[in-house]
$ cat input-v1.cif   # mmCIF, C-alpha atoms
data_model
loop_
_atom_site.label_atom_id
_atom_site.label_comp_id
_atom_site.auth_asym_id
_atom_site.auth_seq_id
_atom_site.Cartn_x
_atom_site.Cartn_y
_atom_site.Cartn_z
CA MET A 1 -4.05 26.84 29.70
CA THR A 2 -3.23 26.52 26.00
CA SER A 3 -5.25 23.86 24.20
CA LEU A 4 -3.92 22.16 21.09
CA PRO A 5 -6.07 21.91 17.96
CA GLU A 6 -7.83 18.54 17.94
CA LEU A 7 -6.64 15.83 15.59
CA THR A 8 -9.15 13.30 14.29
CA ILE A 9 -7.96 10.09 12.68
CA ASP A 10 -10.29 7.90 10.68
CA VAL A 11 -8.97 4.48 11.70
CA THR A 12 -9.75 2.51 8.55
CA PRO A 13 -8.43 -1.03 8.03
CA THR A 14 -5.98 0.50 5.54
CA PHE A 15 -4.74 2.87 8.22
CA VAL A 16 -4.23 0.06 10.75
CA ILE A 17 -2.39 -2.13 8.24
CA SER A 18 -0.29 0.51 6.52
CA THR A 19 0.91 1.98 9.82
CA ALA A 20 1.71 -1.49 11.20
CA LEU A 21 3.84 -2.23 8.14
CA ALA A 22 5.43 1.24 8.12
CA THR A 23 6.53 0.57 11.69
CA ARG A 24 7.89 -2.92 10.76
CA ASP A 25 5.39 -4.59 13.03
CA PHE A 26 4.19 -7.78 11.35
CA GLN A 27 2.13 -9.20 14.25
CA ASP A 28 -0.97 -10.79 12.76
CA VAL A 29 -3.41 -8.93 15.03
CA HIS A 30 -2.55 -5.75 13.12
CA HIS A 31 -3.35 -7.04 9.63
CA ASP A 32 -5.29 -10.34 9.79
CA ARG A 33 -8.85 -9.94 10.99
CA ASP A 34 -9.49 -13.67 11.42
CA LYS A 35 -6.40 -14.11 13.60
CA ALA A 36 -7.27 -11.01 15.62
CA VAL A 37 -10.78 -12.40 16.28
CA GLN A 38 -9.36 -15.83 17.18
CA ARG A 39 -7.18 -14.13 19.79
CA GLY A 40 -10.18 -12.48 21.39
CA SER A 41 -10.18 -9.09 19.68
CA LYS A 42 -13.11 -7.57 17.86
CA ASP A 43 -11.05 -6.68 14.81
CA ILE A 44 -7.51 -5.70 13.81
CA PHE A 45 -6.20 -2.86 15.96
CA LEU A 46 -3.56 -0.14 15.97
CA ASN A 47 -0.07 -1.10 17.12
CA ILE A 48 1.76 0.74 19.88
CA LEU A 49 4.45 2.21 17.65
CA THR A 50 1.73 3.94 15.67
CA THR A 51 0.00 5.25 18.77
CA THR A 52 3.34 6.67 19.96
CA GLY A 53 3.92 8.18 16.51
CA LEU A 54 0.45 9.75 16.44
CA VAL A 55 0.95 11.31 19.88
CA GLN A 56 4.23 12.78 18.64
CA ARG A 57 2.59 13.97 15.40
CA PHE A 58 -0.28 15.57 17.31
CA VAL A 59 2.19 17.67 19.29
CA THR A 60 4.49 18.62 16.39
CA ASP A 61 1.46 19.55 14.22
CA TRP A 62 0.94 22.26 16.84
CA ALA A 63 4.53 23.01 17.88
CA GLY A 64 5.93 23.28 14.35
CA SER A 65 8.71 21.62 12.39
CA ASP A 66 11.54 23.23 14.40
CA ALA A 67 10.29 21.89 17.73
CA PHE A 68 12.21 19.00 19.29
CA VAL A 69 10.24 16.26 20.98
CA ARG A 70 12.29 15.06 23.90
CA LYS A 71 10.00 12.59 25.59
CA VAL A 72 6.77 10.72 24.90
CA SER A 73 5.23 8.89 27.89
CA ILE A 74 2.04 7.03 27.24
CA LYS A 75 -0.34 4.81 29.10
CA LEU A 76 -2.40 2.51 26.93
CA GLY A 77 -6.10 2.06 27.58
CA VAL A 78 -8.78 0.55 25.37
CA PRO A 79 -7.78 -0.89 21.99
CA CYS A 80 -8.29 1.11 18.81
CA TYR A 81 -9.99 -1.21 16.35
CA ALA A 82 -10.43 -0.69 12.63
CA GLY A 83 -13.60 1.34 12.11
CA GLU A 84 -12.96 3.63 15.05
CA THR A 85 -12.48 7.37 14.99
CA LEU A 86 -9.58 8.43 17.16
CA THR A 87 -9.63 11.99 18.45
CA PHE A 88 -6.60 13.57 20.08
CA SER A 89 -6.92 16.52 22.40
CA GLY A 90 -4.26 18.15 24.52
CA GLN A 91 -3.27 21.00 26.79
CA VAL A 92 0.00 22.59 27.75
CA THR A 93 0.26 21.80 31.45
CA ALA A 94 3.68 23.32 32.16
CA ARG A 95 5.84 25.87 30.43
CA ASP A 96 9.40 26.84 31.35
CA GLY A 97 10.99 29.07 28.72
CA ALA A 98 11.09 27.03 25.51
CA GLU A 99 10.23 23.80 27.30
CA ALA A 100 6.62 22.73 27.39
CA THR A 101 4.82 19.70 28.77
CA VAL A 102 1.71 18.71 26.88
CA ARG A 103 -0.93 16.39 28.27
CA VAL A 104 -2.48 14.29 25.51
CA VAL A 105 -5.58 12.11 25.39
CA GLY A 106 -6.61 10.01 22.38
CA ARG A 107 -10.22 8.84 22.62
CA ASN A 108 -12.37 6.48 20.62
CA SER A 109 -15.88 5.11 21.09
CA LEU A 110 -14.67 2.64 23.74
CA GLY A 111 -12.94 5.24 25.91
CA ASP A 112 -9.38 6.50 26.33
CA HIS A 113 -7.13 4.64 23.92
CA VAL A 114 -4.07 6.54 25.09
CA THR A 115 -3.26 9.10 27.75
CA GLY A 116 0.14 10.60 28.25
CA THR A 117 2.51 13.51 28.29
CA VAL A 118 4.93 14.87 25.73
CA GLU A 119 7.89 17.04 26.61
CA VAL A 120 8.79 19.33 23.76
CA VAL A 121 11.37 22.07 23.26
CA LEU A 122 9.71 24.85 21.27
CA PRO A 123 11.67 26.82 18.66
CA MET B 1 17.52 -12.56 34.41
CA ARG B 2 17.58 -9.07 35.88
CA GLU B 3 21.09 -9.62 37.15
CA ALA B 4 22.14 -10.57 33.66
CA GLY B 5 21.77 -6.87 32.84
CA GLU B 6 21.77 -5.71 29.26
CA CYS B 7 21.51 -8.20 26.46
CA ARG B 8 23.86 -8.09 23.52
CA PRO B 9 23.10 -5.30 21.05
CA ARG B 10 20.70 -6.03 18.22
CA ILE B 11 21.83 -4.10 15.19
CA ALA B 12 19.28 -2.40 12.95
CA ARG B 13 18.67 -4.15 9.62
CA ASP B 14 18.98 -0.85 7.76
CA PRO B 15 20.59 2.46 8.59
CA VAL B 16 18.19 5.36 9.14
CA ASN B 17 16.95 6.02 5.62
CA GLU B 18 14.60 8.22 3.65
CA PRO B 19 12.38 5.49 2.13
CA MET B 20 11.43 4.10 5.54
CA ILE B 21 10.88 7.60 6.90
CA ASN B 22 8.68 8.43 3.91
CA ASN B 23 6.64 5.26 4.36
CA TRP B 24 6.14 6.12 8.02
CA THR B 25 5.12 9.75 7.47
CA GLU B 26 2.80 8.74 4.64
CA ALA B 27 1.09 6.01 6.67
CA LEU B 28 0.69 8.19 9.76
CA GLY B 29 -0.27 11.27 7.80
CA ASP B 30 2.55 13.32 9.30
CA THR B 31 3.35 16.25 7.01
CA ASN B 32 6.09 17.78 9.16
CA PRO B 33 8.55 19.27 6.60
CA ALA B 34 11.52 18.44 8.84
CA TYR B 35 11.26 14.87 7.51
CA PRO B 36 12.91 12.98 5.84
CA ALA B 37 16.08 15.08 6.33
CA VAL B 38 15.82 13.84 9.93
CA ALA B 39 13.82 10.90 11.24
CA PRO B 40 10.71 11.33 13.41
CA PRO B 41 11.90 10.66 16.99
CA ALA B 42 9.06 8.20 17.58
CA MET B 43 10.51 6.04 14.77
CA VAL B 44 13.44 5.04 16.97
CA GLN B 45 12.00 1.62 17.76
CA VAL B 46 11.14 1.00 14.10
CA TRP B 47 14.79 0.81 13.04
CA THR B 48 15.45 -2.19 15.26
CA MET B 49 12.14 -4.02 14.87
CA ARG B 50 12.76 -7.70 14.29
CA GLY B 51 10.72 -8.02 11.10
CA LEU B 52 8.55 -10.69 9.55
CA HIS B 53 10.80 -13.71 10.17
CA PRO B 54 12.60 -12.95 13.42
CA GLU B 55 15.56 -15.00 14.54
CA PRO B 56 15.38 -16.14 18.15
CA ASP B 57 17.44 -13.83 20.30
CA GLU B 58 18.21 -13.20 23.93
CA ASP B 59 15.95 -10.19 24.36
CA PRO B 60 14.90 -10.23 28.05
CA LEU B 61 11.27 -9.42 27.26
CA GLY B 62 11.09 -12.48 25.02
CA ARG B 63 12.78 -14.68 27.61
CA MET B 64 10.57 -13.46 30.44
CA SER B 65 7.51 -14.00 28.23
CA GLU B 66 8.54 -17.63 27.72
CA VAL B 67 8.78 -18.14 31.49
CA LEU B 68 5.33 -16.63 32.05
CA ASP B 69 3.82 -18.49 29.08
CA ALA B 70 5.00 -21.73 30.65
CA ALA B 71 3.31 -20.73 33.93
CA GLY B 72 -0.01 -20.16 32.14
CA TYR B 73 0.18 -16.37 31.77
CA THR B 74 -0.17 -16.64 28.04
CA SER B 75 -1.91 -13.40 27.05
CA VAL B 76 -0.19 -10.07 26.71
CA VAL B 77 -1.19 -6.45 26.62
CA ALA B 78 1.09 -3.42 26.65
CA THR B 79 0.31 -0.92 29.37
CA ASN B 80 2.99 1.79 29.36
CA CYS B 81 5.67 3.12 27.05
CA GLU B 82 8.03 5.99 27.77
CA GLN B 83 10.50 7.06 25.14
CA THR B 84 13.20 9.66 25.69
CA TYR B 85 15.07 11.07 22.71
CA HIS B 86 18.46 12.73 23.12
CA ARG B 87 18.81 14.04 19.60
CA LEU B 88 17.39 13.75 16.09
CA LEU B 89 18.68 10.98 13.85
CA LYS B 90 19.80 11.50 10.26
CA PRO B 91 19.77 9.15 7.28
CA GLY B 92 22.90 7.05 7.21
CA GLU B 93 23.18 6.50 10.97
CA ARG B 94 22.90 2.88 12.08
CA LEU B 95 21.32 2.07 15.42
CA ALA B 96 21.78 -0.82 17.79
CA VAL B 97 19.53 -1.58 20.74
CA THR B 98 20.19 -3.29 24.05
CA SER B 99 17.55 -4.20 26.63
CA ARG B 100 17.49 -5.24 30.21
CA LEU B 101 14.81 -6.56 32.50
CA GLU B 102 13.95 -4.01 35.13
CA ASP B 103 11.05 -5.43 37.09
CA VAL B 104 8.55 -8.26 37.26
CA VAL B 105 5.67 -7.44 39.59
CA GLY B 106 2.82 -9.79 40.46
CA PRO B 107 0.71 -11.75 40.60
CA LYS B 108 -1.91 -9.00 40.45
CA GLN B 109 -5.61 -9.22 39.88
CA THR B 110 -6.56 -7.09 36.89
CA ALA B 111 -9.71 -6.55 34.87
CA LEU B 112 -8.24 -8.91 32.27
CA GLY B 113 -7.29 -11.65 34.70
CA GLU B 114 -4.42 -12.52 37.04
CA GLY B 115 -1.10 -11.35 35.70
CA TRP B 116 2.43 -10.04 36.02
CA PHE B 117 3.71 -6.62 34.98
CA VAL B 118 7.03 -6.94 33.18
CA THR B 119 9.12 -3.81 32.73
CA THR B 120 12.10 -3.58 30.42
CA ARG B 121 14.40 -0.72 29.58
CA SER B 122 16.04 -0.36 26.19
CA THR B 123 18.80 1.94 25.00
CA TRP B 124 19.50 2.80 21.39
CA ARG B 125 23.01 3.80 20.45
CA VAL B 126 24.85 5.08 17.40
CA GLY B 127 28.31 3.70 17.98
CA ASP B 128 28.88 4.29 21.68
CA GLU B 129 26.55 7.29 21.90
CA PRO B 130 23.17 6.68 23.55
CA VAL B 131 20.56 8.44 21.39
CA ALA B 132 17.27 7.24 22.90
CA GLU B 133 15.81 5.20 25.75
CA MET B 134 12.55 3.40 26.34
CA MET B 135 10.75 2.00 29.33
CA PHE B 136 8.23 -0.57 28.17
CA ARG B 137 5.74 -2.33 30.45
CA ILE B 138 3.49 -5.21 29.55
CA LEU B 139 0.95 -7.24 31.44
CA LYS B 140 1.23 -10.99 30.94
CA PHE B 141 -2.03 -12.49 32.15
CA LYS B 142 -4.10 -15.66 32.39
CA PRO B 143 -7.13 -14.93 30.29
CA LYS B 144 -10.44 -15.26 32.10
CA PRO B 145 -12.49 -18.27 31.00
CA ALA B 146 -13.77 -17.87 27.48
CA VAL B 147 -17.21 -16.39 27.17
CA THR B 148 -19.63 -19.07 26.00
CA ALA B 149 -22.89 -18.56 24.18
CA SER B 150 -25.58 -16.67 26.03
CA VAL B 151 -28.94 -18.07 26.95
CA ALA B 152 -31.26 -17.34 24.03
CA PRO B 153 -34.49 -15.44 24.70
CA MET B 154 -37.84 -17.16 24.29
CA VAL B 155 -39.78 -15.97 21.29
CA SER B 156 -43.56 -16.17 21.13
CA ARG B 157 -46.23 -14.75 18.83
CA ASP B 158 -46.48 -11.84 21.26
CA THR B 159 -42.78 -11.03 21.24
CA GLU B 160 -41.54 -11.88 17.77
CA PHE B 161 -42.08 -8.29 16.54
CA PHE B 162 -39.67 -7.16 19.27
CA TRP B 163 -36.85 -9.50 18.17
CA ALA B 164 -37.50 -8.71 14.50
CA GLY B 165 -36.96 -5.08 15.51
CA THR B 166 -33.67 -5.57 17.34
CA ARG B 167 -32.33 -7.43 14.30
CA ILE B 168 -32.69 -4.28 12.22
CA GLY B 169 -31.66 -1.87 14.96
CA GLU B 170 -35.15 -0.85 16.10
CA LEU B 171 -36.25 -0.89 19.73
CA ARG B 172 -39.97 -1.57 19.43
CA ILE B 173 -42.60 -0.87 22.05
CA GLN B 174 -45.95 -2.57 21.89
CA LYS B 175 -48.91 -0.23 21.42
CA CYS B 176 -52.61 -0.93 21.71
CA SER B 177 -54.35 -0.10 18.39
CA ALA B 178 -57.60 0.56 20.24
CA CYS B 179 -56.62 2.93 23.05
CA GLY B 180 -53.03 3.82 22.15
CA ALA B 181 -51.52 2.66 25.46
CA LEU B 182 -47.86 1.62 25.31
CA ARG B 183 -46.76 -1.50 27.16
CA HIS B 184 -43.66 -3.53 27.84
CA PRO B 185 -43.05 -6.42 28.16
CA PRO B 186 -45.34 -7.31 25.28
CA GLY B 187 -48.43 -9.44 25.79
CA PRO B 188 -51.57 -10.45 23.95
CA MET B 189 -54.06 -8.15 25.67
CA CYS B 190 -54.07 -4.45 26.50
CA PRO B 191 -54.16 -4.15 30.30
CA ARG B 192 -56.02 -0.83 29.99
CA CYS B 193 -58.86 -1.56 27.55
CA ASN B 194 -58.58 -5.36 27.09
CA ALA B 195 -58.28 -5.02 23.30
CA LEU B 196 -56.50 -7.84 21.47
CA ASP B 197 -55.08 -5.80 18.62
CA PRO B 198 -51.52 -4.80 19.36
CA THR B 199 -49.23 -2.86 17.06
CA HIS B 200 -45.95 -1.14 17.88
CA ILE B 201 -43.94 2.07 17.73
CA VAL B 202 -40.18 2.49 17.45
CA SER B 203 -38.54 3.94 20.54
CA SER B 204 -35.90 6.66 20.39
CA GLY B 205 -33.78 4.29 22.48
CA LEU B 206 -33.09 7.05 24.98
CA GLY B 207 -33.89 6.79 28.64
CA GLU B 208 -32.69 6.95 32.21
CA VAL B 209 -31.76 4.30 34.74
CA TYR B 210 -34.87 3.76 36.86
CA SER B 211 -33.34 0.97 38.94
CA TYR B 212 -30.50 -1.51 38.63
CA VAL B 213 -28.80 -4.54 40.12
CA VAL B 214 -25.15 -5.57 40.04
CA HIS B 215 -24.91 -9.27 39.37
CA HIS B 216 -21.94 -10.95 41.10
CA HIS B 217 -23.05 -14.54 41.44
CA PRO B 218 -23.87 -17.11 40.16
CA GLN B 219 -22.01 -17.30 36.85
CA VAL B 220 -24.24 -16.69 33.84
CA PRO B 221 -23.39 -18.33 30.52
CA GLY B 222 -21.92 -15.77 28.17
CA LYS B 223 -21.27 -13.19 30.90
CA ARG B 224 -18.36 -12.08 32.98
CA THR B 225 -19.29 -11.06 36.50
CA PRO B 226 -19.89 -8.55 37.87
CA PHE B 227 -22.24 -7.02 35.35
CA VAL B 228 -24.99 -4.44 35.68
CA VAL B 229 -28.61 -5.02 34.72
CA ALA B 230 -30.57 -1.80 34.48
CA LEU B 231 -34.28 -1.15 34.39
CA VAL B 232 -34.46 1.84 32.08
CA GLU B 233 -37.34 4.26 31.85
CA LEU B 234 -37.54 5.13 28.16
CA GLU B 235 -38.53 8.57 26.91
CA GLU B 236 -41.79 7.05 25.69
CA GLY B 237 -42.68 6.15 29.28
CA VAL B 238 -42.26 2.38 29.45
CA ARG B 239 -39.55 0.58 31.40
CA MET B 240 -37.29 -2.05 29.88
CA LEU B 241 -34.56 -4.31 31.26
CA GLY B 242 -31.14 -4.79 29.73
CA GLU B 243 -27.47 -5.05 30.54
CA LEU B 244 -25.68 -1.74 31.10
CA LEU B 245 -22.40 -2.06 29.21
CA ASP B 246 -18.90 -0.60 29.62
CA VAL B 247 -19.49 0.82 33.05
CA GLU B 248 -18.03 0.18 36.49
CA PRO B 249 -20.80 -0.81 38.93
CA GLU B 250 -19.79 2.10 41.22
CA GLN B 251 -20.51 4.59 38.43
CA VAL B 252 -24.13 3.59 38.00
CA LYS B 253 -26.77 5.87 39.55
CA ILE B 254 -30.52 6.19 39.41
CA GLY B 255 -31.27 8.77 36.71
CA LEU B 256 -28.12 8.02 34.68
CA PRO B 257 -28.91 8.92 31.04
CA VAL B 258 -28.51 5.92 28.74
CA ARG B 259 -29.14 4.93 25.16
CA VAL B 260 -29.84 1.57 23.61
CA ARG B 261 -27.06 -0.43 21.99
CA PHE B 262 -27.77 -3.61 20.06
CA VAL B 263 -25.56 -6.57 20.88
CA SER B 264 -25.29 -9.66 18.78
CA SER B 265 -25.69 -12.91 20.71
CA GLY B 266 -25.89 -16.09 18.69
CA GLU B 267 -28.89 -15.82 16.39
CA PHE B 268 -30.34 -12.95 18.39
CA THR B 269 -29.70 -9.27 18.71
CA LEU B 270 -30.24 -8.16 22.27
CA PRO B 271 -30.95 -4.65 23.39
CA ALA B 272 -28.53 -3.34 26.00
CA TRP B 273 -27.73 0.10 27.37
CA GLU B 274 -24.75 2.39 27.28
CA VAL B 275 -24.18 5.64 29.14
CA ARG B 276 -24.79 8.73 27.01
#
$ encode --input "input-v1.cif" --output "structure tokens"
Amino acid sequence: MTSLPELTIDVTPTFVISTALATRDFQDVHHDRDKAVQRGSKDIFLNILTTTGLVQRFVTDWAGSDAFVRKVSIKLGVPCYAGETLTFSGQVTARDGAEATVRVVGRNSLGDHVTGTVEVVLP
Amino acid sequence: MREAGECRPRIARDPVNEPMINNWTEALGDTNPAYPAVAPPAMVQVWTMRGLHPEPDEDPLGRMSEVLDAAGYTSVVATNCEQTYHRLLKPGERLAVTSRLEDVVGPKQTALGEGWFVTTRSTWRVGDEPVAEMMFRILKFKPKPAVTASVAPMVSRDTEFFWAGTRIGELRIQKCSACGALRHPPGPMCPRCNALDPTHIVSSGLGEVYSYVVHHHPQVPGKRTPFVVALVELEEGVRMLGELLDVEPEQVKIGLPVRVRFVSSGEFTLPAWEVR
């Protein structure tokens, strides 16, 4: 089974905030630590649009710029707070001609932040 | 609400454009050279995000959230997202999104509290052409009662070195200066040689579960039940009690390798365990 090269993301506060804004997500829990703590979180945390984008990026980093990502299905697990290191790993679980299914896991110190599959058409 | 079907389209503020693509790729660290001539597929939702000062609209997720908020299910966490992309989008194309409520399932007992799973399905179109779809599922739940302050440990002349240690991230074990015996919990006199001259060493913090209990009842201030209390045999040979964190009770076994983790609780730092 083909394994993808791991991707490690240093989830700094700048990363959490800049990705939230780049995805037009202005919810306070993604940029305001005090509000995030008031709402029961440990710190600001990654938004879902970023997690989806990172899963896509992880696969296209491997598949190349001519690959077409057709589907990203993710299940969200533990939050990814500022200060975490997020490590993506993945395997090709099915291959039919140019079409591949990749199983992706993104882990941090709390456990699985995201698990999912990506369907990609390879060049 | 489900029978109402799709809501009216919400039109993207901006057409697909290079500056927003560049901001996205820069923030996410995506160096794919295909961008910004085309947009990253996972950006599809970005184009129709409602922004910093959203106008109220008839989005079914928002309306369902109001209903559940009113019933006390005020907290929200996203659980699943599935996006399907039919083709790549190019700068200049303007998207519109419609959503419909697909399912509301509950009430279910979850680790977070009692809640309802709300599933919506959205379709993005350019003109009449569907270009992407998304299934999005959230859990709207009643948060469990807030965790109050824990019971503070008692500190005596015999134990203050221990709590001074946890404050700076050291797990200290009392040691007899006369015969070198280690002992825990700390006390004034060495049980082996009766000397009254204790000192301490710093433990590696590594050990194995020697025994454990799963606490279900009664409620303990500052704790959510059930929780696991483990008696850990440290590498140095003494046994120490502490909560075993981030573990399902069924996963705990005698001999499970653990390491210390320091947890802040009011003015104290408590030692606890985590699986290693």
$ residues_around --input "input-v1.cif" --residues "stretch 232-235 of chain B" --least-positions-apart "6" --cutoff "10 Å" --atoms "all atoms listed in the file" --output "VMD selection string"
chain B and resid 173 203 to 212 241 to 244 254 to 260 272 to 273
$ interface_residues --input "input-v1.cif" --of "chain A" --to "chain B" --cutoff "10 Å" --atoms "only C-alpha atoms" --output "VMD selection string"
chain A and resid 9 14 to 27 39 to 40 47 to 58 60 to 61 64 to 77 79 110 to 111 114 to 119
$ atom_distance --input "input-v1.cif" --atom1 "atom CA of B:Phe141" --atom2 "atom CA of B:Glu66"
12.6 Å
$ atom_distance --input "input-v1.cif" --atom1 "atom CA of B:Asp57" --atom2 "atom CA of B:Pro9"
10.3 Å
$ resolve_selection --input "input-v1.cif" --expression "the PyMOL selection byres ((chain B and resi 184-189) around 8)" --output "list of chain:residue names"
B:Asp158, B:Thr159, B:Ile173, B:Gln174, B:Leu182, B:Arg183, B:Cys190, B:Pro191, B:Asn194, B:Ala195, B:Leu196, B:Asp197, B:Pro198, B:Val238, B:Arg239, B:Met240
$ resolve_selection --input "input-v1.cif" --expression "the PyMOL selection byres ((chain A and resi 90) around 9)" --output "PyMOL selection string"
chain A and resi 2-6+58-59+88-89+91-92+102-106
$ resolve_selection --input "input-v1.cif" --expression "the PyMOL selection byres ((chain B and resi 121) around 7)" --output "NGL selection string"
:B and (99-102 or 119-120 or 122-123 or 134-136)
$ write_last_selection --input "input-v1.cif" --atoms "C-alpha atoms" --output "PDB file, in the coordinates of the input"
ATOM      1  CA  SER B  99      17.550  -4.200  26.630  1.00  0.00           C
ATOM      2  CA  ARG B 100      17.490  -5.240  30.210  1.00  0.00           C
ATOM      3  CA  LEU B 101      14.810  -6.560  32.500  1.00  0.00           C
ATOM      4  CA  GLU B 102      13.950  -4.010  35.130  1.00  0.00           C
ATOM      5  CA  THR B 119       9.120  -3.810  32.730  1.00  0.00           C
ATOM      6  CA  THR B 120      12.100  -3.580  30.420  1.00  0.00           C
ATOM      7  CA  SER B 122      16.040  -0.360  26.190  1.00  0.00           C
ATOM      8  CA  THR B 123      18.800   1.940  25.000  1.00  0.00           C
ATOM      9  CA  MET B 134      12.550   3.400  26.340  1.00  0.00           C
ATOM     10  CA  MET B 135      10.750   2.000  29.330  1.00  0.00           C
ATOM     11  CA  PHE B 136       8.230  -0.570  28.170  1.00  0.00           C
TER      12      PHE B 136
END
$ residues_around --input "input-v1.cif" --residues "B:Glu93" --least-positions-apart "6" --cutoff "7 Å" --atoms "only C-alpha atoms" --output "list of chain:residue names"
B:Pro15, B:Val16, B:Val126
$ residues_near_point --input "input-v1.cif" --point "(-25.1, -11.0, 17.6)" --cutoff "12 Å" --atoms "all atoms listed in the file" --output "PyMOL selection string"
chain B and resi 149-150+152+163+166-169+261-272
$ decode --input "input-v1.cif" --residues "stretch 101-116 of chain A" --atoms "N, CA and C atoms" --output "PDB file, in the first residue's frame"
ATOM      1  N   THR A 101      -8.121   6.413  -4.052  1.00  0.00           N
ATOM      2  CA  THR A 101      -8.734   6.825  -2.789  1.00  0.00           C
ATOM      3  C   THR A 101      -7.635   6.832  -1.733  1.00  0.00           C
ATOM      4  N   VAL A 102      -7.523   7.942  -1.047  1.00  0.00           N
ATOM      5  CA  VAL A 102      -6.471   8.091  -0.043  1.00  0.00           C
ATOM      6  C   VAL A 102      -7.123   8.241   1.322  1.00  0.00           C
ATOM      7  N   ARG A 103      -6.663   7.435   2.249  1.00  0.00           N
ATOM      8  CA  ARG A 103      -7.143   7.541   3.629  1.00  0.00           C
ATOM      9  C   ARG A 103      -6.184   8.478   4.370  1.00  0.00           C
ATOM     10  N   VAL A 104      -6.747   9.468   5.040  1.00  0.00           N
ATOM     11  CA  VAL A 104      -5.922  10.502   5.678  1.00  0.00           C
ATOM     12  C   VAL A 104      -6.246  10.588   7.168  1.00  0.00           C
ATOM     13  N   VAL A 105      -5.201  10.719   7.972  1.00  0.00           N
ATOM     14  CA  VAL A 105      -5.381  10.979   9.400  1.00  0.00           C
ATOM     15  C   VAL A 105      -4.513  12.179   9.766  1.00  0.00           C
ATOM     16  N   GLY A 106      -5.085  13.132  10.484  1.00  0.00           N
ATOM     17  CA  GLY A 106      -4.319  14.273  11.011  1.00  0.00           C
ATOM     18  C   GLY A 106      -4.341  14.197  12.526  1.00  0.00           C
ATOM     19  N   ARG A 107      -3.168  14.003  13.129  1.00  0.00           N
ATOM     20  CA  ARG A 107      -3.097  13.790  14.584  1.00  0.00           C
ATOM     21  C   ARG A 107      -2.429  14.958  15.280  1.00  0.00           C
ATOM     22  N   ASN A 108      -2.868  15.203  16.506  1.00  0.00           N
ATOM     23  CA  ASN A 108      -2.125  16.114  17.374  1.00  0.00           C
ATOM     24  C   ASN A 108      -1.978  15.446  18.741  1.00  0.00           C
ATOM     25  N   SER A 109      -1.535  16.224  19.742  1.00  0.00           N
ATOM     26  CA  SER A 109      -1.213  15.583  21.021  1.00  0.00           C
ATOM     27  C   SER A 109      -2.463  15.053  21.722  1.00  0.00           C
ATOM     28  N   LEU A 110      -3.644  15.528  21.324  1.00  0.00           N
ATOM     29  CA  LEU A 110      -4.882  15.081  21.974  1.00  0.00           C
ATOM     30  C   LEU A 110      -5.475  13.846  21.310  1.00  0.00           C
ATOM     31  N   GLY A 111      -5.011  13.540  20.096  1.00  0.00           N
ATOM     32  CA  GLY A 111      -5.560  12.376  19.387  1.00  0.00           C
ATOM     33  C   GLY A 111      -5.777  12.692  17.918  1.00  0.00           C
ATOM     34  N   ASP A 112      -6.795  12.046  17.327  1.00  0.00           N
ATOM     35  CA  ASP A 112      -7.078  12.263  15.906  1.00  0.00           C
ATOM     36  C   ASP A 112      -7.933  13.523  15.747  1.00  0.00           C
ATOM     37  N   HIS A 113      -7.332  14.547  15.158  1.00  0.00           N
ATOM     38  CA  HIS A 113      -8.083  15.773  14.890  1.00  0.00           C
ATOM     39  C   HIS A 113      -9.021  15.555  13.707  1.00  0.00           C
ATOM     40  N   VAL A 114      -8.547  14.839  12.719  1.00  0.00           N
ATOM     41  CA  VAL A 114      -9.362  14.594  11.533  1.00  0.00           C
ATOM     42  C   VAL A 114      -9.008  13.222  10.963  1.00  0.00           C
ATOM     43  N   THR A 115     -10.053  12.507  10.530  1.00  0.00           N
ATOM     44  CA  THR A 115      -9.832  11.281   9.768  1.00  0.00           C
ATOM     45  C   THR A 115     -10.732  11.397   8.541  1.00  0.00           C
ATOM     46  N   GLY A 116     -10.301  10.811   7.445  1.00  0.00           N
ATOM     47  CA  GLY A 116     -11.157  10.932   6.278  1.00  0.00           C
ATOM     48  C   GLY A 116     -10.576  10.285   5.053  1.00  0.00           C
TER      49      GLY A 116
END
